[in-house]
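Heads up, the thing below is written out as structure tokens.
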Amino acid sequence: MNELFGTLSDGTPVHRWTLERAGVRVRILSYGGIVQSAEVPDRDGRVGNVVLGFADLDGYLTHPGPYLGALVGRYANRIGGARFELDGRTYTLATNNGPNSLHGGERGFDKRVWDAAPVEHGVRLSLVSEDGEEGFPGRLEVSVTYTLDASGALRIAYEAVTDAPTVVNLTNHSYFRLCDSGNTIGHELRLAASRYTPVDTDLIPTGEIVDVTGTPFDFRRARRTGYGYDNNFALDKGVTDTPVEVAELYDPTSGRVLGVATTEPGIQVYTADGLGEPFEPCEGIALETQHFPDSPNRPEFPSTELRPGDVYRSETVYSFSAR
């Protein structure tokens, strides 16, 4: 089902698509490809929304900073110094995070209205990012398909092609809160990641990939997330052709469980310490499946280059259950 959700100041309509299957209801906006809500049952069968969002379009337009539920690109996460070199040429990007580029720049994919078309059990969003947009080279054609599978899991499948060499790194920036109120500090997280990428004071990777043993970054056994995290974890599985389970988030109070499977080699864990009004710090936790931050400047990291004739593909599955 799709309905008019609101209208931008220039008259562009924004639609909301409702997907419902196996007791799960997810609402997707054509503005920013935003996951507005995901309603799932707790251990007692009581249904509640587990994604932070706003009730109307104005909320997203007034508070764009947190990227609530949005598709982010062309490059999710940070590119240090807002510049990178590709094939001997240096590209300068828009700076929107101190001296760095974050989540695609000043007007990334989170602030675009995507074309939307129905598919079986879901919706397919598409847009074109023109050559030079936010400083990135190449005309990029992007599609992202949201579907609910037979178990009620939310599948996000990304594809992109380019007419010139470029870099691409796409993700969804939903903040999950599995409890019905309060914050996520008591949530328990497990990650299939024995290494992480340390960062400097600007949250740009140093280039190291470090063992988590004996550090606060060891989530190989489930434990409370607490707060203070905005870090990329190097998943043990690396890049895969099909999604592999890499994370589980559990709320002991509601019994809700969020499972994460992906083809990506990394996951950014953000405990949302910086969330502001109308939300509270740590009210949600983002688990952003992606390639590593600053990869265009780090040849030792998995490559994010995309060339003409190749197809960028990525898939992430968020599954819901209770125990």
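By convention in this document, the chains of the structure tokens carry letters A, B, ... by their order, each chain's residues are numbered from 1, and ligands are numbered from 1 in the order they are shown.
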May I have a table of the residues of region 216-304 of chain A lying at most 9 Å from region 63-74 of chain A, giving each one's closest pair of atoms and their distance in Å to one decimal, counting only C-alpha atoms, ordered by chain and ascending residue number, as a tab-separated table?
```
residue	atom	partner	partner_atom	distance
A:Ala272	CA	A:Pro66	CA	8.6
A:Gly274	CA	A:Pro66	CA	8.5
A:Leu275	CA	A:Pro66	CA	6.8
A:Gly276	CA	A:Pro66	CA	8.5
A:Glu277	CA	A:His63	CA	8.7
A:Pro278	CA	A:His63	CA	9.0
```
Save out the residues we just selected, N, CA and C atoms, as a short mmCIF file (atom, residue, chain, number, x, y, z; two decimals), in the first residue's frame.
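Output below, filename result.cif:
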```cif
data_model
loop_
_atom_site.label_atom_id
_atom_site.label_comp_id
_atom_site.auth_asym_id
_atom_site.auth_seq_id
_atom_site.Cartn_x
_atom_site.Cartn_y
_atom_site.Cartn_z
N ALA A 272 24.59 6.29 19.47
CA ALA A 272 23.77 7.50 19.39
C ALA A 272 23.92 8.41 20.60
N GLY A 274 25.19 11.18 20.52
CA GLY A 274 25.01 12.55 20.06
C GLY A 274 23.58 12.91 19.68
N LEU A 275 22.63 11.99 19.88
CA LEU A 275 21.24 12.31 19.55
C LEU A 275 20.74 13.48 20.39
N GLY A 276 20.02 14.40 19.72
CA GLY A 276 19.46 15.56 20.41
C GLY A 276 17.95 15.58 20.31
N GLU A 277 17.37 16.66 20.78
CA GLU A 277 15.91 16.79 20.78
C GLU A 277 15.33 16.54 19.40
N PRO A 278 14.20 15.88 19.34
CA PRO A 278 13.31 15.47 20.44
C PRO A 278 13.68 14.13 21.06
#
```
Extract, using only C-alpha atoms, all DNA, RNA and protein residues at most 8 Å from Leu191 (chain A), discarding same-chain residues fewer than 5 positions from it, and format them as a tab-separated table (two decimals) with C-alpha atoms, in the first residue's frame.
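Saved the output as selection_24.tsv:
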```tsv
chain	number	residue	atom	x	y	z
A	219	PHE	CA	31.44	-8.26	21.44
A	220	ARG	CA	32.15	-11.80	20.30
A	221	ARG	CA	30.11	-12.88	23.31
A	222	ALA	CA	26.89	-10.97	23.89
A	235	LEU	CA	33.55	-8.69	10.26
A	246	VAL	CA	27.01	-11.13	11.78
A	247	ALA	CA	25.16	-9.48	14.67
A	248	GLU	CA	22.40	-9.96	17.21
```
Subject >> Spatial neighbours of Tyr270 (chain A), 6 Å, only C-alpha atoms, chain gap at least 2 places, as a list in words >> reply: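 After dropping sequence-adjacent residues, the list is Tyr229, Asp230, Ala272, Ile285 and Ala286 of chain A.
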Write out the residues from the selection above, keeping all heavy atoms, as a JSON list (two decimals), in the first residue's frame.
```json
[["chain", "number", "residue", "atom", "x", "y", "z"],
["A", 229, "TYR", "N", 30.07, 4.37, 21.66],
["A", 229, "TYR", "CA", 30.56, 3.71, 20.46],
["A", 229, "TYR", "C", 30.11, 4.42, 19.19],
["A", 229, "TYR", "O", 28.94, 4.77, 19.03],
["A", 229, "TYR", "CB", 30.07, 2.25, 20.40],
["A", 229, "TYR", "CG", 30.68, 1.37, 21.47],
["A", 229, "TYR", "CD1", 30.05, 1.21, 22.70],
["A", 229, "TYR", "CD2", 31.89, 0.72, 21.24],
["A", 229, "TYR", "CE1", 30.62, 0.42, 23.69],
["A", 229, "TYR", "CE2", 32.46, -0.08, 22.22],
["A", 229, "TYR", "CZ", 31.82, -0.22, 23.45],
["A", 229, "TYR", "OH", 32.38, -1.00, 24.42],
["A", 230, "ASP", "N", 31.06, 4.67, 18.31],
["A", 230, "ASP", "CA", 30.82, 5.09, 16.93],
["A", 230, "ASP", "C", 31.98, 4.54, 16.13],
["A", 230, "ASP", "O", 32.87, 5.28, 15.68],
["A", 230, "ASP", "CB", 30.73, 6.62, 16.84],
["A", 230, "ASP", "CG", 30.19, 7.09, 15.49],
["A", 230, "ASP", "OD1", 29.87, 6.22, 14.64],
["A", 230, "ASP", "OD2", 30.09, 8.31, 15.28],
["A", 272, "ALA", "N", 24.59, 6.29, 19.47],
["A", 272, "ALA", "CA", 23.77, 7.50, 19.39],
["A", 272, "ALA", "C", 23.92, 8.41, 20.60],
["A", 272, "ALA", "O", 22.96, 9.04, 21.04],
["A", 272, "ALA", "CB", 22.30, 7.13, 19.17],
["A", 285, "ILE", "N", 20.15, 2.56, 18.70],
["A", 285, "ILE", "CA", 21.49, 2.12, 18.31],
["A", 285, "ILE", "C", 21.47, 1.79, 16.82],
["A", 285, "ILE", "O", 20.56, 1.10, 16.34],
["A", 285, "ILE", "CB", 21.97, 0.92, 19.16],
["A", 285, "ILE", "CG1", 23.38, 0.49, 18.75],
["A", 285, "ILE", "CG2", 21.00, -0.25, 19.08],
["A", 285, "ILE", "CD1", 24.00, -0.49, 19.73],
["A", 286, "ALA", "N", 22.43, 2.34, 16.09],
["A", 286, "ALA", "CA", 22.53, 2.09, 14.65],
["A", 286, "ALA", "C", 23.54, 0.98, 14.40],
["A", 286, "ALA", "O", 24.64, 0.98, 14.96],
["A", 286, "ALA", "CB", 22.95, 3.35, 13.91]]
```
**OP:** For each of A:Tyr146, A:Phe217, A:Tyr75, A:Phe320, take the minimum atom-to-atom distance to Leu258 (chain A), counting only C-alpha atoms, then give the residue where this is smallest.
**Re:**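 Checking each of A:Tyr146, A:Phe217, A:Tyr75, A:Phe320 against Leu258 (chain A), counting only C-alpha atoms, the winner is A:Phe320.
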Would you kindly return, as an mmCIF file with all heavy atoms, in the first residue's frame, each protein, DNA or RNA residue with an atom no farther than 6 Å from any atom of Pro308 (chain A), considering only C-alpha atoms and excluding same-chain residues fewer than 4 positions away?
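This went into around36.cif:
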```
data_model
loop_
_atom_site.group_PDB
_atom_site.id
_atom_site.type_symbol
_atom_site.label_atom_id
_atom_site.label_comp_id
_atom_site.auth_asym_id
_atom_site.auth_seq_id
_atom_site.Cartn_x
_atom_site.Cartn_y
_atom_site.Cartn_z
ATOM 1 N N THR A 162 27.800 2.754 -12.910
ATOM 2 C CA THR A 162 28.394 4.060 -13.163
ATOM 3 C C THR A 162 28.916 4.138 -14.597
ATOM 4 O O THR A 162 29.202 3.110 -15.216
ATOM 5 C CB THR A 162 29.549 4.325 -12.176
ATOM 6 O OG1 THR A 162 30.097 5.634 -12.400
ATOM 7 C CG2 THR A 162 30.669 3.304 -12.347
ATOM 8 N N ASP A 163 29.058 5.372 -15.116
ATOM 9 C CA ASP A 163 29.629 5.536 -16.453
ATOM 10 C C ASP A 163 31.078 6.009 -16.401
ATOM 11 O O ASP A 163 31.698 6.254 -17.430
ATOM 12 C CB ASP A 163 28.777 6.506 -17.284
ATOM 13 C CG ASP A 163 28.797 7.936 -16.756
ATOM 14 O OD1 ASP A 163 29.404 8.190 -15.685
ATOM 15 O OD2 ASP A 163 28.206 8.815 -17.413
ATOM 16 N N ALA A 164 31.627 6.138 -15.181
ATOM 17 C CA ALA A 164 33.027 6.521 -15.000
ATOM 18 C C ALA A 164 33.507 5.966 -13.665
ATOM 19 O O ALA A 164 32.700 5.755 -12.753
ATOM 20 C CB ALA A 164 33.176 8.047 -15.023
#
```
**OP:** Rank nothing, just name the residue among A:Arg107, A:Arg223, A:Arg155, A:Arg323 nearest to Thr95 (chain A), using only C-alpha atoms.
**Re:**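 Counting only C-alpha atoms, the residue closest to Thr95 (chain A) is A:Arg107.
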Check which residues of region 136-210 of chain A sit at most 12 Å from region 51-60 of chain A using only C-alpha atoms, and return one row each with the closest pair of atoms and their distance in Å to one decimal, ordered by chain and rising number, as a tab-separated table.
```
residue	atom	partner	partner_atom	distance
A:Asn172	CA	A:Val51	CA	11.9
A:His173	CA	A:Val51	CA	10.2
A:Ser174	CA	A:Val51	CA	6.5
A:Tyr175	CA	A:Leu52	CA	5.6
A:Phe176	CA	A:Val51	CA	4.7
A:Arg177	CA	A:Val51	CA	6.0
A:Leu178	CA	A:Val51	CA	8.0
A:Cys179	CA	A:Val51	CA	10.2
A:Asp180	CA	A:Val51	CA	10.5
A:Ser181	CA	A:Leu52	CA	11.0
A:Gly182	CA	A:Leu52	CA	11.9
A:Asn183	CA	A:Leu52	CA	11.2
A:Thr184	CA	A:Leu52	CA	11.7
```
Original post:
By how many Å are CA of Gly214 (chain A) and CA of Ala192 (chain A) apart?
Top reply: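 Interatomic distance here is 15.7 Å.
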Subject >> Residue with smallest distance to Pro281 (chain A) - pool A:Gly228, A:Arg256, A:Gly207, A:Gly309, counting only C-alpha atoms >> reply: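 Among A:Gly228, A:Arg256, A:Gly207, A:Gly309, it is A:Gly228 that comes nearest to Pro281 (chain A).
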**OP:** Excluding Thr201 (chain A) and residues on its chain fewer than 6 positions from it, collect all residues at most 12 Å away from it, counting only C-alpha atoms, and give them as a list in words.
**Re:**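 Residues near the query, excluding close chain neighbours: Gly80, Gly98, Pro99, Asn100 and Asp230 of chain A.
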Original post:
Do you have the CA of Thr7 (chain A)-CA of Asp110 (chain A) distance handy?
Top reply: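 If I compute the distance from CA of Thr7 (chain A) to CA of Asp110 (chain A), I get 15.9 Å.
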